[in-house]
>>> print(open('upload-v2.pdb').read())   # PDB, C-alpha atoms
ATOM      1  CA  MET R   1      -8.963  23.139  -5.670  1.00  0.00           C
ATOM      2  CA  ALA R   2     -10.315  23.390  -2.160  1.00  0.00           C
ATOM      3  CA  TYR R   3      -7.206  22.212  -0.331  1.00  0.00           C
ATOM      4  CA  SER R   4      -3.741  23.587  -0.667  1.00  0.00           C
ATOM      5  CA  GLY R   5      -0.711  21.900   0.734  1.00  0.00           C
ATOM      6  CA  GLN R   6      -0.340  18.314   1.675  1.00  0.00           C
ATOM      7  CA  PRO R   7       0.121  17.097   5.220  1.00  0.00           C
ATOM      8  CA  GLY R   8       3.606  17.740   6.443  1.00  0.00           C
ATOM      9  CA  ALA R   9       5.099  18.823   3.131  1.00  0.00           C
ATOM     10  CA  GLY R  10       5.009  21.542   0.545  1.00  0.00           C
ATOM     11  CA  GLY R  11       3.116  21.139  -2.671  1.00  0.00           C
ATOM     12  CA  GLY R  12      -0.473  20.749  -3.680  1.00  0.00           C
ATOM     13  CA  TYR R  13      -3.284  18.452  -2.641  1.00  0.00           C
ATOM     14  CA  TYR R  14      -5.333  17.958  -5.772  1.00  0.00           C
ATOM     15  CA  GLN R  15      -9.034  17.323  -5.811  1.00  0.00           C
ATOM     16  CA  GLY R  16     -12.002  18.461  -7.813  1.00  0.00           C
ATOM     17  CA  GLY R  17     -13.583  20.756  -5.239  1.00  0.00           C
ATOM     18  CA  ASP R  18     -15.572  17.932  -3.673  1.00  0.00           C
ATOM     19  CA  GLY R  19     -13.250  17.362  -0.712  1.00  0.00           C
ATOM     20  CA  GLN R  20     -12.308  13.939  -2.072  1.00  0.00           C
ATOM     21  CA  ILE R  21      -9.354  12.668  -4.069  1.00  0.00           C
ATOM     22  CA  ASP R  22      -9.700   9.895  -6.659  1.00  0.00           C
ATOM     23  CA  ALA R  23      -7.010   7.615  -8.091  1.00  0.00           C
ATOM     24  CA  ASP R  24      -6.101   9.946 -10.964  1.00  0.00           C
ATOM     25  CA  GLU R  25      -5.776  12.912  -8.610  1.00  0.00           C
ATOM     26  CA  LEU R  26      -3.814  10.826  -6.110  1.00  0.00           C
ATOM     27  CA  GLN R  27      -1.413   9.730  -8.829  1.00  0.00           C
ATOM     28  CA  ARG R  28      -0.789  13.353  -9.892  1.00  0.00           C
ATOM     29  CA  CYS R  29      -0.446  14.495  -6.303  1.00  0.00           C
ATOM     30  CA  LEU R  30       2.032  11.788  -5.322  1.00  0.00           C
ATOM     31  CA  THR R  31       4.047  12.287  -8.505  1.00  0.00           C
ATOM     32  CA  GLN R  32       4.317  16.038  -7.964  1.00  0.00           C
ATOM     33  CA  SER R  33       4.998  15.652  -4.250  1.00  0.00           C
ATOM     34  CA  GLY R  34       8.204  13.769  -4.946  1.00  0.00           C
ATOM     35  CA  ILE R  35       7.403  11.004  -2.432  1.00  0.00           C
ATOM     36  CA  SER R  36       8.686   8.508  -5.009  1.00  0.00           C
ATOM     37  CA  GLY R  37      12.039  10.260  -4.927  1.00  0.00           C
ATOM     38  CA  ASN R  38      14.216   8.956  -7.761  1.00  0.00           C
ATOM     39  CA  TYR R  39      11.926   5.965  -8.232  1.00  0.00           C
ATOM     40  CA  LYS R  40       9.377   5.865 -11.031  1.00  0.00           C
ATOM     41  CA  PRO R  41       5.980   7.407 -10.200  1.00  0.00           C
ATOM     42  CA  PHE R  42       3.136   5.254  -8.882  1.00  0.00           C
ATOM     43  CA  ASN R  43       0.998   3.622 -11.523  1.00  0.00           C
ATOM     44  CA  LEU R  44      -2.759   4.096 -11.471  1.00  0.00           C
ATOM     45  CA  GLU R  45      -3.484   0.591 -10.155  1.00  0.00           C
ATOM     46  CA  THR R  46      -1.224   1.186  -7.146  1.00  0.00           C
ATOM     47  CA  CYS R  47      -3.118   4.427  -6.483  1.00  0.00           C
ATOM     48  CA  ARG R  48      -6.423   2.535  -6.639  1.00  0.00           C
ATOM     49  CA  LEU R  49      -5.056  -0.003  -4.147  1.00  0.00           C
ATOM     50  CA  MET R  50      -3.952   2.784  -1.797  1.00  0.00           C
ATOM     51  CA  ILE R  51      -7.419   4.319  -1.913  1.00  0.00           C
ATOM     52  CA  SER R  52      -9.122   0.974  -1.274  1.00  0.00           C
ATOM     53  CA  MET R  53      -6.914   0.445   1.790  1.00  0.00           C
ATOM     54  CA  LEU R  54      -8.241   3.578   3.540  1.00  0.00           C
ATOM     55  CA  ASP R  55     -11.592   4.246   1.850  1.00  0.00           C
ATOM     56  CA  ARG R  56     -13.789   3.744   4.897  1.00  0.00           C
ATOM     57  CA  ASP R  57     -17.005   5.051   3.304  1.00  0.00           C
ATOM     58  CA  MET R  58     -16.445   2.955   0.145  1.00  0.00           C
ATOM     59  CA  SER R  59     -16.744   6.032  -2.104  1.00  0.00           C
ATOM     60  CA  GLY R  60     -13.717   5.113  -4.200  1.00  0.00           C
ATOM     61  CA  MET R  61     -12.024   8.298  -2.990  1.00  0.00           C
ATOM     62  CA  LEU R  62     -10.092   9.603  -0.004  1.00  0.00           C
ATOM     63  CA  GLY R  63     -11.122  12.509   2.179  1.00  0.00           C
ATOM     64  CA  PHE R  64      -8.534  14.804   3.706  1.00  0.00           C
ATOM     65  CA  ASN R  65      -8.056  12.787   6.921  1.00  0.00           C
ATOM     66  CA  GLU R  66      -7.739   9.551   4.956  1.00  0.00           C
ATOM     67  CA  PHE R  67      -5.185  11.261   2.716  1.00  0.00           C
ATOM     68  CA  LYS R  68      -3.188  12.395   5.749  1.00  0.00           C
ATOM     69  CA  GLU R  69      -3.167   8.810   7.040  1.00  0.00           C
ATOM     70  CA  LEU R  70      -2.039   7.540   3.640  1.00  0.00           C
ATOM     71  CA  TRP R  71       0.734  10.138   3.536  1.00  0.00           C
ATOM     72  CA  ALA R  72       2.057   8.968   6.918  1.00  0.00           C
ATOM     73  CA  VAL R  73       1.869   5.288   5.935  1.00  0.00           C
ATOM     74  CA  LEU R  74       3.608   5.933   2.603  1.00  0.00           C
ATOM     75  CA  ASN R  75       6.428   7.784   4.302  1.00  0.00           C
ATOM     76  CA  GLY R  76       6.931   4.851   6.682  1.00  0.00           C
ATOM     77  CA  TRP R  77       6.994   2.337   3.842  1.00  0.00           C
ATOM     78  CA  ARG R  78       9.354   4.553   1.877  1.00  0.00           C
ATOM     79  CA  GLN R  79      11.750   4.642   4.819  1.00  0.00           C
ATOM     80  CA  HIS R  80      11.626   0.835   5.103  1.00  0.00           C
ATOM     81  CA  PHE R  81      12.264   0.494   1.374  1.00  0.00           C
ATOM     82  CA  MET R  82      15.196   2.909   1.403  1.00  0.00           C
ATOM     83  CA  GLY R  83      16.616   1.174   4.467  1.00  0.00           C
ATOM     84  CA  VAL R  84      16.707  -2.239   2.813  1.00  0.00           C
ATOM     85  CA  ASP R  85      17.615  -1.105  -0.714  1.00  0.00           C
ATOM     86  CA  GLY R  86      21.283  -1.191   0.257  1.00  0.00           C
ATOM     87  CA  ASP R  87      22.677  -0.712  -3.239  1.00  0.00           C
ATOM     88  CA  HIS R  88      20.183   2.110  -3.999  1.00  0.00           C
ATOM     89  CA  SER R  89      19.142   0.314  -7.165  1.00  0.00           C
ATOM     90  CA  GLY R  90      15.495   1.304  -6.774  1.00  0.00           C
ATOM     91  CA  ALA R  91      14.482  -2.324  -6.312  1.00  0.00           C
ATOM     92  CA  VAL R  92      14.666  -4.943  -3.575  1.00  0.00           C
ATOM     93  CA  ASP R  93      15.327  -8.666  -3.815  1.00  0.00           C
ATOM     94  CA  ALA R  94      13.767 -11.467  -1.753  1.00  0.00           C
ATOM     95  CA  GLN R  95      16.210 -11.104   1.161  1.00  0.00           C
ATOM     96  CA  GLU R  96      15.749  -7.332   1.297  1.00  0.00           C
ATOM     97  CA  LEU R  97      11.973  -7.770   1.137  1.00  0.00           C
ATOM     98  CA  GLN R  98      12.097 -10.272   4.006  1.00  0.00           C
ATOM     99  CA  LYS R  99      14.033  -7.735   6.106  1.00  0.00           C
ATOM    100  CA  ALA R 100      11.544  -4.961   5.333  1.00  0.00           C
ATOM    101  CA  LEU R 101       8.504  -7.130   6.101  1.00  0.00           C
ATOM    102  CA  THR R 102      10.045  -8.352   9.352  1.00  0.00           C
ATOM    103  CA  ALA R 103      10.821  -4.765  10.374  1.00  0.00           C
ATOM    104  CA  MET R 104       7.148  -3.911   9.728  1.00  0.00           C
ATOM    105  CA  GLY R 105       6.007  -6.747  11.988  1.00  0.00           C
ATOM    106  CA  PHE R 106       5.015  -9.322   9.374  1.00  0.00           C
ATOM    107  CA  ARG R 107       6.040 -12.857  10.273  1.00  0.00           C
ATOM    108  CA  LEU R 108       5.910 -14.725   6.999  1.00  0.00           C
ATOM    109  CA  SER R 109       7.432 -18.030   5.998  1.00  0.00           C
ATOM    110  CA  PRO R 110      10.136 -18.091   3.325  1.00  0.00           C
ATOM    111  CA  GLN R 111       7.555 -19.762   1.055  1.00  0.00           C
ATOM    112  CA  ALA R 112       5.114 -16.869   1.556  1.00  0.00           C
ATOM    113  CA  VAL R 113       7.846 -14.311   0.855  1.00  0.00           C
ATOM    114  CA  ASN R 114       8.860 -16.222  -2.290  1.00  0.00           C
ATOM    115  CA  GLY R 115       5.224 -16.145  -3.428  1.00  0.00           C
ATOM    116  CA  ILE R 116       5.137 -12.395  -2.888  1.00  0.00           C
ATOM    117  CA  VAL R 117       8.381 -11.968  -4.818  1.00  0.00           C
ATOM    118  CA  LYS R 118       6.996 -14.013  -7.726  1.00  0.00           C
ATOM    119  CA  ARG R 119       3.848 -11.876  -7.758  1.00  0.00           C
ATOM    120  CA  TYR R 120       5.493  -8.445  -7.491  1.00  0.00           C
ATOM    121  CA  SER R 121       8.941  -8.773  -9.054  1.00  0.00           C
ATOM    122  CA  SER R 122      10.504  -8.433 -12.446  1.00  0.00           C
ATOM    123  CA  HIS R 123      13.556 -10.665 -12.732  1.00  0.00           C
ATOM    124  CA  GLY R 124      13.600 -11.255  -8.972  1.00  0.00           C
ATOM    125  CA  LYS R 125      13.600  -7.545  -8.047  1.00  0.00           C
ATOM    126  CA  ILE R 126      10.662  -5.513  -6.726  1.00  0.00           C
ATOM    127  CA  SER R 127      10.438  -1.860  -7.761  1.00  0.00           C
ATOM    128  CA  PHE R 128       9.309   0.835  -5.327  1.00  0.00           C
ATOM    129  CA  ASP R 129       5.872   1.073  -6.970  1.00  0.00           C
ATOM    130  CA  ASP R 130       5.342  -2.695  -6.731  1.00  0.00           C
ATOM    131  CA  TYR R 131       6.713  -2.683  -3.177  1.00  0.00           C
ATOM    132  CA  ILE R 132       4.049  -0.144  -2.188  1.00  0.00           C
ATOM    133  CA  ALA R 133       1.350  -2.210  -3.929  1.00  0.00           C
ATOM    134  CA  CYS R 134       2.581  -5.256  -2.000  1.00  0.00           C
ATOM    135  CA  CYS R 135       2.523  -3.373   1.314  1.00  0.00           C
ATOM    136  CA  VAL R 136      -0.994  -2.086   0.638  1.00  0.00           C
ATOM    137  CA  LYS R 137      -2.282  -5.590  -0.051  1.00  0.00           C
ATOM    138  CA  LEU R 138      -0.503  -7.084   2.952  1.00  0.00           C
ATOM    139  CA  ARG R 139      -1.893  -4.402   5.245  1.00  0.00           C
ATOM    140  CA  ALA R 140      -5.426  -4.723   3.876  1.00  0.00           C
ATOM    141  CA  LEU R 141      -5.408  -8.526   4.023  1.00  0.00           C
ATOM    142  CA  THR R 142      -3.933  -8.482   7.532  1.00  0.00           C
ATOM    143  CA  ASP R 143      -6.549  -5.973   8.728  1.00  0.00           C
ATOM    144  CA  SER R 144      -9.332  -8.067   7.211  1.00  0.00           C
ATOM    145  CA  PHE R 145      -7.925 -11.235   8.781  1.00  0.00           C
ATOM    146  CA  ARG R 146      -7.583  -9.614  12.219  1.00  0.00           C
ATOM    147  CA  ARG R 147     -11.194  -8.405  12.160  1.00  0.00           C
ATOM    148  CA  ARG R 148     -12.286 -12.015  11.678  1.00  0.00           C
ATOM    149  CA  ASP R 149      -9.807 -13.496  14.180  1.00  0.00           C
ATOM    150  CA  ALA R 150     -11.736 -12.541  17.328  1.00  0.00           C
ATOM    151  CA  ALA R 151      -9.784 -14.958  19.526  1.00  0.00           C
ATOM    152  CA  GLN R 152      -6.436 -13.695  18.128  1.00  0.00           C
ATOM    153  CA  GLN R 153      -5.316 -17.270  17.460  1.00  0.00           C
ATOM    154  CA  GLY R 154      -4.076 -16.771  13.920  1.00  0.00           C
ATOM    155  CA  MET R 155      -6.947 -18.753  12.401  1.00  0.00           C
ATOM    156  CA  VAL R 156     -10.241 -17.766  10.835  1.00  0.00           C
ATOM    157  CA  ASN R 157     -13.073 -19.471   9.035  1.00  0.00           C
ATOM    158  CA  PHE R 158     -14.314 -17.823   5.857  1.00  0.00           C
ATOM    159  CA  GLN R 159     -17.415 -18.504   3.905  1.00  0.00           C
ATOM    160  CA  TYR R 160     -16.561 -18.523   0.226  1.00  0.00           C
ATOM    161  CA  ASP R 161     -18.517 -15.346  -0.514  1.00  0.00           C
ATOM    162  CA  ASP R 162     -16.843 -13.518   2.406  1.00  0.00           C
ATOM    163  CA  PHE R 163     -13.424 -14.653   1.182  1.00  0.00           C
ATOM    164  CA  ILE R 164     -14.116 -13.398  -2.364  1.00  0.00           C
ATOM    165  CA  GLN R 165     -15.353 -10.048  -1.038  1.00  0.00           C
ATOM    166  CA  CYS R 166     -12.260  -9.710   1.128  1.00  0.00           C
ATOM    167  CA  VAL R 167      -9.788 -10.494  -1.652  1.00  0.00           C
ATOM    168  CA  MET R 168     -11.586  -8.558  -4.371  1.00  0.00           C
ATOM    169  CA  SER R 169     -11.964  -5.404  -2.297  1.00  0.00           C
ATOM    170  CA  ILE R 170      -8.198  -5.028  -2.177  1.00  0.00           C
TER     171      ILE R 170
END
>>> encode(input="upload-v2.pdb", output="structure tokens")
Amino acid sequence: MAYSGQPGAGGGYYQGGDGQIDADELQRCLTQSGISGNYKPFNLETCRLMISMLDRDMSGMLGFNEFKELWAVLNGWRQHFMGVDGDHSGAVDAQELQKALTAMGFRLSPQAVNGIVKRYSSHGKISFDDYIACCVKLRALTDSFRRRDAAQQGMVNFQYDDFIQCVMSI
């Protein structure tokens, strides 16, 4: 292990000596770091999504600076989640999700929020792991949309192939 310590916290930053962290290593690192708190650990697919959000060189891994950025983003999302999970059940409902998304600057219609809830919930509740997966996708889709919205008018035109690449890369 070339790195020791994760940004801003005790514990280990796991990687195979190549200066990069893959999804398996990220999953172990985040589980051992305790960032999930009392919530269940992140599943491997959520870790892959987190990597794809910040993987600027498209290597399928995160370098140290990308990992530091992810750590900061995860802590912010965790704070939002804990702030809206009023009953400390480890899951949020549609109203709590709407509050969290609004606090993060997303302006989504009730229909869009209901679609998100249907996609990420079990019995109408979204677990912390699924909440993070949702936030990753929303951030990545929003970033991709903004890059294409040069006039900042809230509208873009996609060619089909560009749309598929955008959605499938997240």
>>> closest_residue(input="upload-v2.pdb", among="R:Phe67, R:Tyr120, R:Phe128, R:Phe42", to="Met82 (chain R)", atoms="all atoms listed in the file")
R:Phe128
>>> atom_distance(input="upload-v2.pdb", atom1="CA of Val136 (chain R)", atom2="CA of Tyr160 (chain R)")
22.6 Å
>>> residues_around(input="upload-v2.pdb", residues="Leu138 (chain R)", least_positions_apart="3", cutoff="12 Å", atoms="all atoms listed in the file", output="number ranges by chain")
R: 49-50, 53, 101, 104-108, 112-113, 116, 131-135, 141-146, 167, 170
>>> axis_aligned_box(input="upload-v2.pdb", around="region 36-41 of chain R", padding_each_side="4 Å", output="AutoDock Vina command-line options")
--center_x 10.1 --center_y 8.1 --center_z -8.0 --size_x 16.2 --size_y 12.4 --size_z 14.1
>>> resolve_selection(input="upload-v2.pdb", expression="the PyMOL selection byres ((chain R and resi 94) around 8)", output="count of residues only")
11
>>> residues_around(input="upload-v2.pdb", residues="Leu44 (chain R)", least_positions_apart="2", cutoff="8 Å", atoms="all atoms listed in the file", output="list in words")
Ala23, Asp24, Gln27, Phe42, Thr46, Cys47 and Arg48 of chain R
>>> closest_residue(input="upload-v2.pdb", among="R:Phe81, R:Val156, R:Asn75, R:Ala103", to="Gly34 (chain R)", atoms="only C-alpha atoms")
R:Asn75
>>> atom_distance(input="upload-v2.pdb", atom1="CA of Ala72 (chain R)", atom2="CA of Ile35 (chain R)")
11.0 Å
>>> atom_distance(input="upload-v2.pdb", atom1="CA of Met61 (chain R)", atom2="CA of Ile21 (chain R)")
5.2 Å
>>> resolve_selection(input="upload-v2.pdb", expression="the PyMOL selection byres ((chain R and resi 66) around 12)", output="PDB file with C-alpha atoms, keeping the file's coordinate frame")
ATOM      1  CA  GLN R   6      -0.340  18.314   1.675  1.00  0.00           C
ATOM      2  CA  PRO R   7       0.121  17.097   5.220  1.00  0.00           C
ATOM      3  CA  GLY R  19     -13.250  17.362  -0.712  1.00  0.00           C
ATOM      4  CA  GLN R  20     -12.308  13.939  -2.072  1.00  0.00           C
ATOM      5  CA  ILE R  21      -9.354  12.668  -4.069  1.00  0.00           C
ATOM      6  CA  ASP R  22      -9.700   9.895  -6.659  1.00  0.00           C
ATOM      7  CA  LEU R  26      -3.814  10.826  -6.110  1.00  0.00           C
ATOM      8  CA  MET R  50      -3.952   2.784  -1.797  1.00  0.00           C
ATOM      9  CA  ILE R  51      -7.419   4.319  -1.913  1.00  0.00           C
ATOM     10  CA  SER R  52      -9.122   0.974  -1.274  1.00  0.00           C
ATOM     11  CA  MET R  53      -6.914   0.445   1.790  1.00  0.00           C
ATOM     12  CA  LEU R  54      -8.241   3.578   3.540  1.00  0.00           C
ATOM     13  CA  ASP R  55     -11.592   4.246   1.850  1.00  0.00           C
ATOM     14  CA  ARG R  56     -13.789   3.744   4.897  1.00  0.00           C
ATOM     15  CA  ASP R  57     -17.005   5.051   3.304  1.00  0.00           C
ATOM     16  CA  MET R  58     -16.445   2.955   0.145  1.00  0.00           C
ATOM     17  CA  SER R  59     -16.744   6.032  -2.104  1.00  0.00           C
ATOM     18  CA  GLY R  60     -13.717   5.113  -4.200  1.00  0.00           C
ATOM     19  CA  MET R  61     -12.024   8.298  -2.990  1.00  0.00           C
ATOM     20  CA  LEU R  62     -10.092   9.603  -0.004  1.00  0.00           C
ATOM     21  CA  GLY R  63     -11.122  12.509   2.179  1.00  0.00           C
ATOM     22  CA  PHE R  64      -8.534  14.804   3.706  1.00  0.00           C
ATOM     23  CA  ASN R  65      -8.056  12.787   6.921  1.00  0.00           C
ATOM     24  CA  PHE R  67      -5.185  11.261   2.716  1.00  0.00           C
ATOM     25  CA  LYS R  68      -3.188  12.395   5.749  1.00  0.00           C
ATOM     26  CA  GLU R  69      -3.167   8.810   7.040  1.00  0.00           C
ATOM     27  CA  LEU R  70      -2.039   7.540   3.640  1.00  0.00           C
ATOM     28  CA  TRP R  71       0.734  10.138   3.536  1.00  0.00           C
ATOM     29  CA  ALA R  72       2.057   8.968   6.918  1.00  0.00           C
ATOM     30  CA  VAL R  73       1.869   5.288   5.935  1.00  0.00           C
TER      31      VAL R  73
END
>>> resolve_selection(input="upload-v2.pdb", expression="the PyMOL selection byres ((chain R and resi 40) around 9)", output="NGL selection string")
:R and (31 or 36-39 or 41-43 or 90 or 127-129)
>>> decode(input="upload-v2.pdb", residues="region 103-127 of chain R", atoms="N, CA, C and O atoms", output="PDB file, in the first residue's frame")
ATOM      1  N   ALA R 103     -32.131  21.033  -0.809  1.00  0.00           N
ATOM      2  CA  ALA R 103     -31.000  21.597  -0.059  1.00  0.00           C
ATOM      3  C   ALA R 103     -29.701  21.521  -0.858  1.00  0.00           C
ATOM      4  O   ALA R 103     -28.821  22.377  -0.697  1.00  0.00           O
ATOM      5  N   MET R 104     -29.593  20.524  -1.752  1.00  0.00           N
ATOM      6  CA  MET R 104     -28.395  20.382  -2.583  1.00  0.00           C
ATOM      7  C   MET R 104     -28.483  21.211  -3.862  1.00  0.00           C
ATOM      8  O   MET R 104     -27.558  21.189  -4.670  1.00  0.00           O
ATOM      9  N   GLY R 105     -29.592  21.914  -4.060  1.00  0.00           N
ATOM     10  CA  GLY R 105     -29.711  22.784  -5.220  1.00  0.00           C
ATOM     11  C   GLY R 105     -30.429  22.187  -6.411  1.00  0.00           C
ATOM     12  O   GLY R 105     -30.527  22.826  -7.461  1.00  0.00           O
ATOM     13  N   PHE R 106     -30.957  20.987  -6.281  1.00  0.00           N
ATOM     14  CA  PHE R 106     -31.716  20.376  -7.372  1.00  0.00           C
ATOM     15  C   PHE R 106     -33.142  20.888  -7.319  1.00  0.00           C
ATOM     16  O   PHE R 106     -33.770  20.880  -6.267  1.00  0.00           O
ATOM     17  N   ARG R 107     -33.639  21.334  -8.445  1.00  0.00           N
ATOM     18  CA  ARG R 107     -35.021  21.802  -8.552  1.00  0.00           C
ATOM     19  C   ARG R 107     -35.766  20.825  -9.453  1.00  0.00           C
ATOM     20  O   ARG R 107     -35.773  20.968 -10.671  1.00  0.00           O
ATOM     21  N   LEU R 108     -36.365  19.828  -8.819  1.00  0.00           N
ATOM     22  CA  LEU R 108     -37.032  18.775  -9.566  1.00  0.00           C
ATOM     23  C   LEU R 108     -38.524  18.795  -9.281  1.00  0.00           C
ATOM     24  O   LEU R 108     -38.947  19.085  -8.162  1.00  0.00           O
ATOM     25  N   SER R 109     -39.292  18.439 -10.277  1.00  0.00           N
ATOM     26  CA  SER R 109     -40.743  18.369 -10.123  1.00  0.00           C
ATOM     27  C   SER R 109     -41.097  17.196  -9.201  1.00  0.00           C
ATOM     28  O   SER R 109     -40.307  16.254  -9.056  1.00  0.00           O
ATOM     29  N   PRO R 110     -42.284  17.245  -8.613  1.00  0.00           N
ATOM     30  CA  PRO R 110     -42.726  16.098  -7.806  1.00  0.00           C
ATOM     31  C   PRO R 110     -42.736  14.793  -8.628  1.00  0.00           C
ATOM     32  O   PRO R 110     -42.431  13.728  -8.099  1.00  0.00           O
ATOM     33  N   GLN R 111     -43.060  14.901  -9.917  1.00  0.00           N
ATOM     34  CA  GLN R 111     -43.061  13.717 -10.777  1.00  0.00           C
ATOM     35  C   GLN R 111     -41.652  13.138 -10.921  1.00  0.00           C
ATOM     36  O   GLN R 111     -41.459  11.914 -10.904  1.00  0.00           O
ATOM     37  N   ALA R 112     -40.660  14.024 -11.073  1.00  0.00           N
ATOM     38  CA  ALA R 112     -39.269  13.558 -11.188  1.00  0.00           C
ATOM     39  C   ALA R 112     -38.822  12.902  -9.884  1.00  0.00           C
ATOM     40  O   ALA R 112     -38.187  11.838  -9.897  1.00  0.00           O
ATOM     41  N   VAL R 113     -39.159  13.507  -8.763  1.00  0.00           N
ATOM     42  CA  VAL R 113     -38.791  12.932  -7.463  1.00  0.00           C
ATOM     43  C   VAL R 113     -39.478  11.580  -7.280  1.00  0.00           C
ATOM     44  O   VAL R 113     -38.854  10.614  -6.819  1.00  0.00           O
ATOM     45  N   ASN R 114     -40.744  11.472  -7.666  1.00  0.00           N
ATOM     46  CA  ASN R 114     -41.442  10.187  -7.561  1.00  0.00           C
ATOM     47  C   ASN R 114     -40.776   9.131  -8.435  1.00  0.00           C
ATOM     48  O   ASN R 114     -40.682   7.968  -8.036  1.00  0.00           O
ATOM     49  N   GLY R 115     -40.300   9.515  -9.615  1.00  0.00           N
ATOM     50  CA  GLY R 115     -39.576   8.582 -10.470  1.00  0.00           C
ATOM     51  C   GLY R 115     -38.284   8.111  -9.826  1.00  0.00           C
ATOM     52  O   GLY R 115     -37.924   6.930  -9.908  1.00  0.00           O
ATOM     53  N   ILE R 116     -37.599   9.023  -9.168  1.00  0.00           N
ATOM     54  CA  ILE R 116     -36.366   8.671  -8.458  1.00  0.00           C
ATOM     55  C   ILE R 116     -36.676   7.710  -7.312  1.00  0.00           C
ATOM     56  O   ILE R 116     -35.979   6.712  -7.115  1.00  0.00           O
ATOM     57  N   VAL R 117     -37.736   8.010  -6.573  1.00  0.00           N
ATOM     58  CA  VAL R 117     -38.122   7.146  -5.453  1.00  0.00           C
ATOM     59  C   VAL R 117     -38.451   5.748  -5.960  1.00  0.00           C
ATOM     60  O   VAL R 117     -38.019   4.742  -5.382  1.00  0.00           O
ATOM     61  N   LYS R 118     -39.190   5.656  -7.060  1.00  0.00           N
ATOM     62  CA  LYS R 118     -39.527   4.337  -7.618  1.00  0.00           C
ATOM     63  C   LYS R 118     -38.268   3.571  -8.011  1.00  0.00           C
ATOM     64  O   LYS R 118     -38.194   2.358  -7.829  1.00  0.00           O
ATOM     65  N   ARG R 119     -37.289   4.292  -8.561  1.00  0.00           N
ATOM     66  CA  ARG R 119     -36.055   3.648  -9.015  1.00  0.00           C
ATOM     67  C   ARG R 119     -35.161   3.195  -7.865  1.00  0.00           C
ATOM     68  O   ARG R 119     -34.533   2.140  -7.923  1.00  0.00           O
ATOM     69  N   TYR R 120     -35.092   3.978  -6.794  1.00  0.00           N
ATOM     70  CA  TYR R 120     -34.102   3.731  -5.740  1.00  0.00           C
ATOM     71  C   TYR R 120     -34.670   3.213  -4.426  1.00  0.00           C
ATOM     72  O   TYR R 120     -33.899   2.947  -3.504  1.00  0.00           O
ATOM     73  N   SER R 121     -35.966   3.053  -4.307  1.00  0.00           N
ATOM     74  CA  SER R 121     -36.526   2.681  -3.008  1.00  0.00           C
ATOM     75  C   SER R 121     -36.936   1.220  -2.932  1.00  0.00           C
ATOM     76  O   SER R 121     -37.148   0.553  -3.946  1.00  0.00           O
ATOM     77  N   SER R 122     -37.038   0.779  -1.705  1.00  0.00           N
ATOM     78  CA  SER R 122     -37.677  -0.494  -1.376  1.00  0.00           C
ATOM     79  C   SER R 122     -38.832  -0.129  -0.454  1.00  0.00           C
ATOM     80  O   SER R 122     -38.605   0.464   0.608  1.00  0.00           O
ATOM     81  N   HIS R 123     -40.028  -0.426  -0.884  1.00  0.00           N
ATOM     82  CA  HIS R 123     -41.228  -0.120  -0.098  1.00  0.00           C
ATOM     83  C   HIS R 123     -41.333   1.375   0.225  1.00  0.00           C
ATOM     84  O   HIS R 123     -41.724   1.757   1.331  1.00  0.00           O
ATOM     85  N   GLY R 124     -40.952   2.218  -0.729  1.00  0.00           N
ATOM     86  CA  GLY R 124     -41.101   3.656  -0.559  1.00  0.00           C
ATOM     87  C   GLY R 124     -40.007   4.339   0.255  1.00  0.00           C
ATOM     88  O   GLY R 124     -40.062   5.539   0.485  1.00  0.00           O
ATOM     89  N   LYS R 125     -39.004   3.589   0.688  1.00  0.00           N
ATOM     90  CA  LYS R 125     -37.907   4.141   1.486  1.00  0.00           C
ATOM     91  C   LYS R 125     -36.583   3.911   0.753  1.00  0.00           C
ATOM     92  O   LYS R 125     -36.372   2.850   0.171  1.00  0.00           O
ATOM     93  N   ILE R 126     -35.707   4.904   0.808  1.00  0.00           N
ATOM     94  CA  ILE R 126     -34.408   4.824   0.143  1.00  0.00           C
ATOM     95  C   ILE R 126     -33.321   4.688   1.202  1.00  0.00           C
ATOM     96  O   ILE R 126     -33.181   5.547   2.072  1.00  0.00           O
ATOM     97  N   SER R 127     -32.561   3.590   1.114  1.00  0.00           N
ATOM     98  CA  SER R 127     -31.468   3.356   2.058  1.00  0.00           C
ATOM     99  C   SER R 127     -30.317   4.319   1.776  1.00  0.00           C
ATOM    100  O   SER R 127     -30.265   4.962   0.728  1.00  0.00           O
TER     101      SER R 127
END
